[in-house]
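What follows is the content of input-v1.csv, which has CSV, C-alpha atoms:
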```csv
chain,number,residue,atom,x,y,z
A,216,MET,CA,-19.8,-24.6,34.7
A,217,GLY,CA,-20.6,-23.8,31.0
A,218,TYR,CA,-17.8,-21.3,30.9
A,219,LYS,CA,-15.3,-23.9,32.1
A,220,PHE,CA,-16.3,-26.5,29.5
A,221,ASN,CA,-16.4,-24.0,26.6
A,222,LEU,CA,-13.1,-22.4,27.5
A,223,ARG,CA,-11.3,-25.7,27.9
A,224,SER,CA,-12.8,-27.0,24.7
A,225,GLN,CA,-11.7,-23.9,22.7
A,226,PHE,CA,-8.2,-24.0,24.3
A,227,ASP,CA,-7.8,-27.7,23.5
A,228,SER,CA,-8.8,-27.0,19.9
A,229,ILE,CA,-6.2,-24.3,19.6
A,230,MET,CA,-3.5,-26.6,21.0
A,231,LEU,CA,-4.5,-29.4,18.7
A,232,MET,CA,-4.4,-27.2,15.6
A,233,THR,CA,-1.0,-25.7,16.7
A,234,ASN,CA,0.5,-29.2,17.1
A,235,GLU,CA,-0.8,-30.1,13.7
A,236,LEU,CA,0.8,-27.0,12.3
A,237,ILE,CA,4.1,-28.0,13.9
A,238,GLU,CA,3.9,-31.4,12.3
A,239,GLU,CA,3.1,-29.8,9.0
A,240,LEU,CA,6.1,-27.5,9.3
A,241,LYS,CA,8.4,-30.5,10.1
A,242,GLN,CA,7.4,-32.1,6.8
A,243,LEU,CA,8.5,-29.0,4.7
A,244,GLU,CA,11.9,-28.0,3.5
A,245,SER,CA,13.3,-25.2,5.6
A,246,PRO,CA,16.1,-23.3,3.9
A,247,TYR,CA,16.6,-21.0,6.9
A,248,CYS,CA,15.6,-20.8,10.5
A,249,SER,CA,16.7,-18.6,13.4
A,250,PHE,CA,15.6,-18.3,17.0
A,251,TYR,CA,16.7,-15.9,19.7
A,252,HIS,CA,16.4,-16.9,23.3
A,253,ILE,CA,15.5,-14.1,25.6
A,254,PRO,CA,16.1,-14.6,29.3
A,255,PRO,CA,12.7,-14.8,31.1
A,256,VAL,CA,11.7,-12.2,33.7
A,257,LEU,CA,11.5,-13.7,37.2
A,258,THR,CA,8.5,-12.9,39.4
A,259,LYS,CA,10.8,-11.1,41.9
A,260,ASP,CA,12.1,-8.8,39.0
A,261,GLU,CA,8.8,-8.0,37.2
A,262,GLN,CA,8.7,-4.4,38.5
A,263,THR,CA,12.2,-3.7,37.4
A,264,ILE,CA,12.8,-2.2,33.9
A,265,ARG,CA,15.6,-4.1,32.2
A,266,ASN,CA,18.5,-1.9,31.0
A,267,GLU,CA,20.0,-4.7,28.9
A,268,ILE,CA,18.9,-8.0,27.4
A,269,ILE,CA,21.5,-10.4,26.3
A,270,ILE,CA,20.0,-12.9,23.8
A,271,LYS,CA,21.3,-16.3,22.7
A,272,PRO,CA,20.9,-17.0,19.0
A,273,TYR,CA,20.2,-20.4,17.5
A,274,PHE,CA,20.2,-21.5,13.8
A,275,ALA,CA,19.3,-24.4,11.6
A,276,ASP,CA,17.8,-27.5,13.2
A,277,HIS,CA,18.3,-26.3,16.8
A,278,ALA,CA,16.5,-23.1,16.0
A,279,PHE,CA,13.7,-24.9,14.2
A,280,ASN,CA,13.1,-27.1,17.3
A,281,GLN,CA,13.1,-24.1,19.6
A,282,CYS,CA,10.7,-22.2,17.2
A,283,CYS,CA,8.2,-25.1,17.1
A,284,GLN,CA,8.3,-25.6,20.9
A,285,SER,CA,7.7,-21.9,21.5
A,286,LEU,CA,4.4,-22.1,19.6
A,287,THR,CA,2.9,-24.1,22.5
A,288,HIS,CA,4.6,-22.2,25.4
A,289,VAL,CA,1.4,-21.1,27.1
A,290,TYR,CA,1.9,-22.3,30.7
A,291,ARG,CA,3.6,-20.4,33.5
A,292,GLU,CA,6.9,-21.9,34.6
A,293,HIS,CA,8.2,-21.9,38.1
A,294,GLU,CA,9.5,-18.5,39.3
A,295,HIS,CA,8.9,-16.9,35.9
A,296,SER,CA,6.7,-13.8,35.8
A,297,GLY,CA,3.1,-14.2,34.9
A,298,ARG,CA,2.8,-10.4,34.1
A,299,VAL,CA,5.9,-9.9,31.9
A,300,LEU,CA,5.6,-12.7,29.5
A,301,ASN,CA,8.6,-14.1,27.7
A,302,ARG,CA,8.8,-13.6,23.9
A,303,TYR,CA,10.1,-16.0,21.3
A,304,PRO,CA,11.5,-14.1,18.3
A,305,GLY,CA,12.7,-16.1,15.3
A,306,ILE,CA,12.1,-16.8,11.6
A,307,ILE,CA,11.0,-20.1,10.1
A,308,ALA,CA,11.4,-20.0,6.3
A,309,VAL,CA,9.7,-22.9,4.5
A,310,ASN,CA,9.2,-24.0,1.0
A,311,THR,CA,5.9,-25.6,0.0
A,312,GLN,CA,4.0,-26.5,-3.2
A,313,ASN,CA,0.7,-25.9,-1.4
A,314,PRO,CA,1.1,-22.5,0.4
A,315,SER,CA,-2.7,-22.1,0.6
A,316,ASP,CA,-3.0,-25.2,2.9
A,317,LEU,CA,-0.3,-23.8,5.3
A,318,ILE,CA,-1.9,-20.3,5.3
A,319,ASN,CA,-5.4,-21.8,5.9
A,320,ARG,CA,-4.0,-23.7,8.9
A,321,ILE,CA,-2.3,-20.6,10.4
A,322,ASN,CA,-5.5,-18.5,9.8
A,323,GLN,CA,-7.6,-21.1,11.5
A,324,ILE,CA,-5.4,-21.0,14.6
A,325,ASN,CA,-5.4,-17.2,14.7
A,326,GLN,CA,-9.2,-17.1,14.4
A,327,ALA,CA,-9.5,-19.7,17.1
A,328,LYS,CA,-7.3,-17.6,19.4
A,329,LEU,CA,-9.5,-14.6,18.7
A,330,ALA,CA,-12.6,-16.6,19.5
A,331,PHE,CA,-11.0,-17.7,22.8
A,332,LYS,CA,-10.2,-14.1,23.7
A,333,ASN,CA,-13.7,-13.0,22.9
A,334,MET,CA,-15.1,-15.8,25.1
A,335,ILE,CA,-13.1,-14.5,28.0
A,336,LEU,CA,-13.9,-10.9,27.5
A,337,LYS,CA,-17.6,-11.7,27.7
A,338,ILE,CA,-17.1,-12.9,31.3
A,339,GLY,CA,-17.9,-10.3,33.9
A,340,ASN,CA,-15.0,-8.3,35.3
A,341,ASN,CA,-11.2,-9.1,35.5
A,342,ASP,CA,-11.5,-11.1,38.7
A,343,SER,CA,-14.3,-13.4,37.4
A,344,ARG,CA,-12.4,-13.8,34.1
A,345,PHE,CA,-9.2,-14.8,36.0
A,346,GLU,CA,-11.2,-17.3,38.1
A,347,ALA,CA,-13.0,-18.8,35.1
A,348,VAL,CA,-9.9,-19.2,33.0
A,349,HIS,CA,-7.7,-20.7,35.7
A,350,ASN,CA,-10.5,-23.1,36.8
A,351,ALA,CA,-10.7,-24.3,33.3
A,352,ILE,CA,-7.0,-24.3,32.4
A,353,PRO,CA,-4.8,-24.2,35.6
A,354,ASN,CA,-1.5,-22.3,35.3
A,355,VAL,CA,-2.2,-21.0,31.8
A,356,LEU,CA,-0.9,-17.6,30.6
A,357,THR,CA,-4.0,-16.2,29.0
A,358,LEU,CA,-2.1,-13.5,27.0
A,359,ALA,CA,0.2,-16.1,25.6
A,360,VAL,CA,-2.7,-18.0,24.2
A,361,TYR,CA,-3.9,-14.8,22.5
A,362,ARG,CA,-0.7,-14.4,20.5
A,363,GLN,CA,-1.2,-14.4,16.8
A,364,ILE,CA,1.1,-16.3,14.5
A,365,HIS,CA,2.4,-13.9,11.8
A,366,PHE,CA,3.5,-15.0,8.4
A,367,GLU,CA,4.3,-13.6,4.9
A,368,GLN,CA,3.5,-15.4,1.7
A,369,ASN,CA,4.7,-12.7,-0.7
A,370,LYS,CA,8.4,-12.1,-1.4
A,371,PRO,CA,9.7,-9.2,0.7
A,372,PHE,CA,13.0,-7.5,0.1
A,373,SER,CA,14.0,-8.0,3.8
A,374,VAL,CA,12.8,-9.4,7.1
A,375,ARG,CA,14.7,-7.9,10.1
A,376,PHE,CA,14.3,-7.5,13.8
A,377,THR,CA,14.4,-4.5,16.1
A,378,TRP,CA,13.5,-3.6,19.7
A,379,MET,CA,10.4,-1.5,20.3
A,380,HIS,CA,9.6,0.9,23.1
A,381,LYS,CA,5.9,1.3,23.6
A,382,HIS,CA,3.6,3.0,26.1
A,383,SER,CA,0.2,1.9,27.3
A,384,ILE,CA,-2.0,5.0,27.1
A,385,LYS,CA,-5.5,5.4,28.6
A,386,THR,CA,-7.4,8.7,28.8
A,387,PHE,CA,-9.6,9.7,31.8
A,388,THR,CA,-12.0,12.4,32.8
A,389,LYS,CA,-11.5,14.0,36.2
A,390,ALA,CA,-14.4,12.0,37.7
A,391,GLU,CA,-13.0,8.8,36.4
A,392,ALA,CA,-9.6,9.5,37.8
A,393,ILE,CA,-11.1,10.3,41.2
A,394,THR,CA,-13.0,7.0,41.1
A,395,LEU,CA,-9.8,5.2,40.2
A,396,LEU,CA,-8.0,6.7,43.2
A,397,LYS,CA,-10.8,6.0,45.6
A,398,ASN,CA,-10.7,2.3,44.5
A,399,SER,CA,-7.0,2.2,45.0
A,400,GLU,CA,-7.4,2.9,48.7
A,401,ASN,CA,-8.5,-0.7,49.1
A,402,TYR,CA,-5.8,-2.2,46.9
A,403,GLY,CA,-2.6,-0.5,47.9
A,404,VAL,CA,0.9,-1.9,48.4
A,405,THR,CA,0.1,-2.3,52.1
A,406,ASN,CA,3.0,-4.8,52.5
A,407,LYS,CA,5.4,-1.8,52.0
A,408,ILE,CA,3.4,0.9,53.8
A,409,ASN,CA,0.9,0.6,56.7
A,410,ALA,CA,-2.8,1.2,56.0
A,411,GLU,CA,-2.9,4.6,57.7
A,412,ALA,CA,0.0,5.9,55.7
A,413,TRP,CA,-1.4,4.5,52.5
A,414,ARG,CA,-4.8,6.3,53.0
A,415,ALA,CA,-2.9,9.5,53.7
A,416,LEU,CA,-1.0,9.1,50.5
A,417,VAL,CA,-4.1,8.5,48.4
A,418,ASN,CA,-5.9,11.4,50.0
A,419,LYS,CA,-3.1,13.7,49.0
A,420,GLU,CA,-3.5,12.4,45.5
A,421,LEU,CA,-7.2,12.9,45.6
A,422,LEU,CA,-6.8,16.5,46.7
A,423,ARG,CA,-4.4,17.1,43.8
A,424,VAL,CA,-6.8,15.7,41.2
A,425,SER,CA,-9.9,17.3,42.8
A,426,SER,CA,-8.4,20.7,42.5
A,427,LEU,CA,-8.3,20.4,38.7
A,428,SER,CA,-11.0,21.8,36.4
A,429,ASP,CA,-13.9,19.5,35.6
A,430,LYS,CA,-12.9,19.8,31.9
A,431,GLU,CA,-9.3,18.8,32.4
A,432,LYS,CA,-8.2,15.9,30.3
A,433,LEU,CA,-6.0,13.2,32.0
A,434,ARG,CA,-4.2,10.2,30.9
A,435,ILE,CA,-2.2,7.3,32.2
A,436,ARG,CA,0.9,6.9,30.1
A,437,ARG,CA,2.6,3.7,31.4
A,438,PRO,CA,5.8,2.4,29.8
A,439,THR,CA,5.7,-1.3,28.8
A,440,PRO,CA,8.7,-3.6,28.7
A,441,VAL,CA,10.8,-3.3,25.6
A,442,SER,CA,9.9,-6.0,23.1
A,443,PRO,CA,11.2,-7.4,19.8
A,444,GLN,CA,9.4,-6.8,16.6
A,445,VAL,CA,9.7,-8.1,13.0
A,446,ASN,CA,10.1,-5.5,10.3
A,447,VAL,CA,9.0,-6.7,6.8
A,448,ARG,CA,10.1,-4.5,3.9
A,449,PHE,CA,9.1,-4.7,0.2
A,450,ASP,CA,10.4,-1.3,-0.8
A,451,ALA,CA,10.8,2.2,0.6
A,452,LYS,CA,7.0,2.8,0.9
A,453,ASN,CA,5.7,-0.7,1.3
A,454,ARG,CA,6.7,-2.1,4.7
A,455,TYR,CA,5.1,-3.1,8.0
A,456,HIS,CA,6.0,-4.5,11.4
A,457,VAL,CA,4.5,-7.0,13.7
A,458,SER,CA,5.2,-8.4,17.1
A,459,ALA,CA,8.0,-11.0,17.4
A,460,ALA,CA,6.4,-12.6,20.5
A,461,LEU,CA,6.3,-15.8,18.3
A,462,PRO,CA,8.5,-16.9,15.4
A,463,PHE,CA,7.6,-15.3,12.1
A,464,ILE,CA,6.8,-17.8,9.3
A,465,LEU,CA,8.2,-16.9,5.8
A,466,ILE,CA,6.6,-18.9,3.1
A,467,ASN,CA,8.4,-19.7,-0.2
A,468,PRO,CA,10.9,-16.8,0.3
A,469,SER,CA,13.2,-15.5,-2.5
A,470,GLU,CA,16.7,-16.8,-2.4
A,471,ASP,CA,18.0,-13.2,-2.1
A,472,VAL,CA,15.7,-12.1,0.7
A,473,LYS,CA,17.7,-10.1,3.3
A,474,LEU,CA,17.3,-11.8,6.7
A,475,GLY,CA,18.3,-9.9,9.8
A,476,HIS,CA,19.4,-10.9,13.3
A,477,LEU,CA,18.1,-9.8,16.7
A,478,THR,CA,20.9,-8.2,18.6
A,479,ASP,CA,21.4,-7.6,22.3
A,480,TYR,CA,19.4,-4.8,23.8
A,481,TYR,CA,21.0,-1.9,25.7
A,482,LYS,CA,18.8,0.9,27.0
A,483,LYS,CA,19.8,4.2,25.5
A,484,GLU,CA,20.5,7.3,27.6
A,485,THR,CA,17.6,9.7,27.8
A,486,ASP,CA,17.8,12.5,25.2
A,487,PRO,CA,18.4,15.7,27.2
A,488,ARG,CA,16.0,17.5,24.8
A,489,THR,CA,13.2,15.2,25.8
A,490,ILE,CA,10.5,17.1,27.8
A,491,LYS,CA,9.5,15.1,30.8
A,492,ARG,CA,5.9,15.7,31.9
A,493,GLU,CA,5.3,16.0,35.6
A,494,SER,CA,2.9,13.3,36.8
A,495,LEU,CA,-0.1,14.2,39.0
A,496,VAL,CA,0.1,10.7,40.5
A,497,GLU,CA,3.6,9.2,40.0
A,498,ARG,CA,2.8,5.7,41.0
A,499,LEU,CA,-0.1,5.5,38.4
A,500,PHE,CA,1.7,7.5,35.7
A,501,LEU,CA,-1.3,9.8,35.8
A,502,GLN,CA,-0.7,13.1,33.9
A,503,ARG,CA,-2.5,16.0,32.3
A,504,TYR,CA,-3.2,15.1,28.7
```
Can the structure from this file be put into structure tokens for me?
Amino acid sequence: MGYKFNLRSQFDSIMLMTNELIEELKQLESPYCSFYHIPPVLTKDEQTIRNEIIIKPYFADHAFNQCCQSLTHVYREHEHSGRVLNRYPGIIAVNTQNPSDLINRINQINQAKLAFKNMILKIGNNDSRFEAVHNAIPNVLTLAVYRQIHFEQNKPFSVRFTWMHKHSIKTFTKAEAITLLKNSENYGVTNKINAEAWRALVNKELLRVSSLSDKEKLRIRRPTPVSPQVNVRFDAKNRYHVSAALPFILINPSEDVKLGHLTDYYKKETDPRTIKRESLVERLFLQRY
């Protein structure tokens, strides 16, 4: 009961501060604003890797409204995937005589988001966390609440977008991999394969891993969906990039700052020189390190 109250209170605080930020942004002069609508992934398509993403750009007032709305998009919508979350790339450029007030507001929100995340991570295992969060805040997308709001108060040379390919990598010992496989016997895709066939498949995988040396290093290298990022450049050596899951706030920008646009994404053909590692367990992306 305590978890439910504390989580809900922290969540309500985040949403209150976010709405106050939106109202604050609306009061400021915005010399430039862009927003790029990315078609959401449907639940039925969440296992499919998208080969292309056609975005719809917005600018000026329409973009500003879309950017502000996206800051509070933390609930799951009908038929949209709860695993592959939608992203809301954009740029909100604002001019203010009190940048420290705006920065303090954003930092307070980001700190509250981290506190919310830490509260959840202290709750037992994944199942108990899921139950606690969704009892407190039904239909919420937990990872969407975690998203940090990125901003820049200095005067970069350029702010541009690009698409990033990333992999989720986790290392394993042989013993840990065997435990993982044994656990998967009870959580297989039994709607596509009967229980007996599933156990036979897992047993083959277990034999393959068991035959390895105890000192063998293993990893799961799982591709994650392509995602947009913001590239901020001051000069050739001073640059950084951050996630474009939420609009990027540019505070008191120079008039000559170079602002880029997010273009459509098309998956490139695999380079024939790329060495493809053979997986020990294809469905888990389990490989020798």
Contacts of Ile352 in chain A at 9 Å (all atoms listed in the file; same-chain gap of 6+ positions) as a ChimeraX atom specification: /A:219,222-223,226
Would you put the residues from that selection into a file with C-alpha atoms, as a PDB file, keeping the file's coordinate frame?
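The resulting result30.pdb:
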```pdb
ATOM      1  CA  LYS A 219     -15.300 -23.900  32.100  1.00  0.00           C
ATOM      2  CA  LEU A 222     -13.100 -22.400  27.500  1.00  0.00           C
ATOM      3  CA  ARG A 223     -11.300 -25.700  27.900  1.00  0.00           C
ATOM      4  CA  PHE A 226      -8.200 -24.000  24.300  1.00  0.00           C
TER       5      PHE A 226
END
```
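Counting from CA of Ser494 in chain A, the distance to CA of Ser399 in chain A is 17.0 Å.
The residue that comes closest to Thr386 in chain A, out of A:Ile435, A:Val441, A:Val355, A:Val424 and on the basis of all atoms listed in the file, is A:Ile435.
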Minimum-distance residue to Val374 in chain A, chosen among A:Ser469, A:Asn310, A:Ser296, A:Asn319 (using all atoms listed in the file): A:Ser469
Between A:Asn301, A:Asn313, A:Asn467, A:Asn234, which is the closest to Asn369 in chain A once you count only C-alpha atoms? A:Asn467
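Note that the spacing between CA of Thr311 in chain A and CA of Gln368 in chain A amounts to 10.6 Å.
Residues in contact with range 263-279 of chain A at up to 6 Å, not including ones fewer than 3 positions away on its chain and judged by only C-alpha atoms, are Cys248, Ser249, Phe250, Tyr251, His252, Ile253, Asp260, Cys282, Asp479, Tyr480, Tyr481 and Lys482 of chain A.
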How would range 366-386 of chain A look with N, CA, C and O atoms restored, written as a PDB file, in the frame of the given file?
```
ATOM      1  N   PHE A 366       2.827 -14.318   9.500  1.00  0.00           N
ATOM      2  CA  PHE A 366       3.500 -15.000   8.400  1.00  0.00           C
ATOM      3  C   PHE A 366       3.487 -14.027   7.166  1.00  0.00           C
ATOM      4  O   PHE A 366       2.749 -13.033   7.130  1.00  0.00           O
ATOM      5  N   GLU A 367       4.291 -14.356   6.177  1.00  0.00           N
ATOM      6  CA  GLU A 367       4.300 -13.600   4.900  1.00  0.00           C
ATOM      7  C   GLU A 367       4.431 -14.589   3.774  1.00  0.00           C
ATOM      8  O   GLU A 367       5.342 -15.422   3.757  1.00  0.00           O
ATOM      9  N   GLN A 368       3.505 -14.494   2.822  1.00  0.00           N
ATOM     10  CA  GLN A 368       3.500 -15.400   1.700  1.00  0.00           C
ATOM     11  C   GLN A 368       4.069 -14.739   0.417  1.00  0.00           C
ATOM     12  O   GLN A 368       4.413 -15.438  -0.551  1.00  0.00           O
ATOM     13  N   ASN A 369       4.139 -13.399   0.396  1.00  0.00           N
ATOM     14  CA  ASN A 369       4.700 -12.700  -0.700  1.00  0.00           C
ATOM     15  C   ASN A 369       6.246 -12.715  -0.581  1.00  0.00           C
ATOM     16  O   ASN A 369       6.774 -13.358   0.313  1.00  0.00           O
ATOM     17  N   LYS A 370       6.926 -12.027  -1.416  1.00  0.00           N
ATOM     18  CA  LYS A 370       8.400 -12.100  -1.400  1.00  0.00           C
ATOM     19  C   LYS A 370       8.979 -10.733  -1.030  1.00  0.00           C
ATOM     20  O   LYS A 370       9.256  -9.902  -1.885  1.00  0.00           O
ATOM     21  N   PRO A 371       9.157 -10.512   0.271  1.00  0.00           N
ATOM     22  CA  PRO A 371       9.700  -9.200   0.700  1.00  0.00           C
ATOM     23  C   PRO A 371      11.170  -9.088   0.373  1.00  0.00           C
ATOM     24  O   PRO A 371      11.886 -10.073   0.166  1.00  0.00           O
ATOM     25  N   PHE A 372      11.608  -7.834   0.351  1.00  0.00           N
ATOM     26  CA  PHE A 372      13.000  -7.500   0.100  1.00  0.00           C
ATOM     27  C   PHE A 372      13.839  -7.955   1.368  1.00  0.00           C
ATOM     28  O   PHE A 372      14.943  -8.498   1.252  1.00  0.00           O
ATOM     29  N   SER A 373      13.266  -7.700   2.570  1.00  0.00           N
ATOM     30  CA  SER A 373      14.000  -8.000   3.800  1.00  0.00           C
ATOM     31  C   SER A 373      13.029  -8.321   4.933  1.00  0.00           C
ATOM     32  O   SER A 373      11.900  -7.846   4.960  1.00  0.00           O
ATOM     33  N   VAL A 374      13.518  -9.132   5.869  1.00  0.00           N
ATOM     34  CA  VAL A 374      12.800  -9.400   7.100  1.00  0.00           C
ATOM     35  C   VAL A 374      13.847  -9.232   8.222  1.00  0.00           C
ATOM     36  O   VAL A 374      14.821 -10.000   8.296  1.00  0.00           O
ATOM     37  N   ARG A 375      13.662  -8.223   9.050  1.00  0.00           N
ATOM     38  CA  ARG A 375      14.700  -7.900  10.100  1.00  0.00           C
ATOM     39  C   ARG A 375      13.991  -7.713  11.420  1.00  0.00           C
ATOM     40  O   ARG A 375      12.769  -7.607  11.519  1.00  0.00           O
ATOM     41  N   PHE A 376      14.820  -7.639  12.455  1.00  0.00           N
ATOM     42  CA  PHE A 376      14.300  -7.500  13.800  1.00  0.00           C
ATOM     43  C   PHE A 376      14.769  -6.107  14.378  1.00  0.00           C
ATOM     44  O   PHE A 376      15.801  -5.557  13.975  1.00  0.00           O
ATOM     45  N   THR A 377      13.992  -5.621  15.321  1.00  0.00           N
ATOM     46  CA  THR A 377      14.400  -4.500  16.100  1.00  0.00           C
ATOM     47  C   THR A 377      13.720  -4.523  17.444  1.00  0.00           C
ATOM     48  O   THR A 377      12.831  -5.341  17.664  1.00  0.00           O
ATOM     49  N   TRP A 378      14.157  -3.657  18.359  1.00  0.00           N
ATOM     50  CA  TRP A 378      13.500  -3.600  19.700  1.00  0.00           C
ATOM     51  C   TRP A 378      12.602  -2.375  19.707  1.00  0.00           C
ATOM     52  O   TRP A 378      12.955  -1.291  19.253  1.00  0.00           O
ATOM     53  N   MET A 379      11.415  -2.573  20.243  1.00  0.00           N
ATOM     54  CA  MET A 379      10.400  -1.500  20.300  1.00  0.00           C
ATOM     55  C   MET A 379      10.111  -1.056  21.669  1.00  0.00           C
ATOM     56  O   MET A 379       9.921  -1.874  22.582  1.00  0.00           O
ATOM     57  N   HIS A 380      10.054   0.267  21.842  1.00  0.00           N
ATOM     58  CA  HIS A 380       9.600   0.900  23.100  1.00  0.00           C
ATOM     59  C   HIS A 380       8.175   1.358  22.887  1.00  0.00           C
ATOM     60  O   HIS A 380       7.886   2.093  21.944  1.00  0.00           O
ATOM     61  N   LYS A 381       7.285   0.937  23.749  1.00  0.00           N
ATOM     62  CA  LYS A 381       5.900   1.300  23.600  1.00  0.00           C
ATOM     63  C   LYS A 381       5.369   1.833  24.981  1.00  0.00           C
ATOM     64  O   LYS A 381       5.954   1.550  26.024  1.00  0.00           O
ATOM     65  N   HIS A 382       4.272   2.568  24.923  1.00  0.00           N
ATOM     66  CA  HIS A 382       3.600   3.000  26.100  1.00  0.00           C
ATOM     67  C   HIS A 382       2.118   2.571  26.046  1.00  0.00           C
ATOM     68  O   HIS A 382       1.516   2.585  24.972  1.00  0.00           O
ATOM     69  N   SER A 383       1.593   2.183  27.177  1.00  0.00           N
ATOM     70  CA  SER A 383       0.200   1.900  27.300  1.00  0.00           C
ATOM     71  C   SER A 383      -0.513   3.215  27.707  1.00  0.00           C
ATOM     72  O   SER A 383      -0.189   3.767  28.762  1.00  0.00           O
ATOM     73  N   ILE A 384      -1.424   3.707  26.876  1.00  0.00           N
ATOM     74  CA  ILE A 384      -2.000   5.000  27.100  1.00  0.00           C
ATOM     75  C   ILE A 384      -3.561   4.853  27.270  1.00  0.00           C
ATOM     76  O   ILE A 384      -4.208   4.235  26.415  1.00  0.00           O
ATOM     77  N   LYS A 385      -4.084   5.403  28.357  1.00  0.00           N
ATOM     78  CA  LYS A 385      -5.500   5.400  28.600  1.00  0.00           C
ATOM     79  C   LYS A 385      -5.939   6.776  29.068  1.00  0.00           C
ATOM     80  O   LYS A 385      -5.311   7.347  29.956  1.00  0.00           O
ATOM     81  N   THR A 386      -6.990   7.331  28.460  1.00  0.00           N
ATOM     82  CA  THR A 386      -7.400   8.700  28.800  1.00  0.00           C
ATOM     83  C   THR A 386      -8.541   8.600  29.889  1.00  0.00           C
ATOM     84  O   THR A 386      -9.294   7.617  29.956  1.00  0.00           O
TER      85      THR A 386
END
```
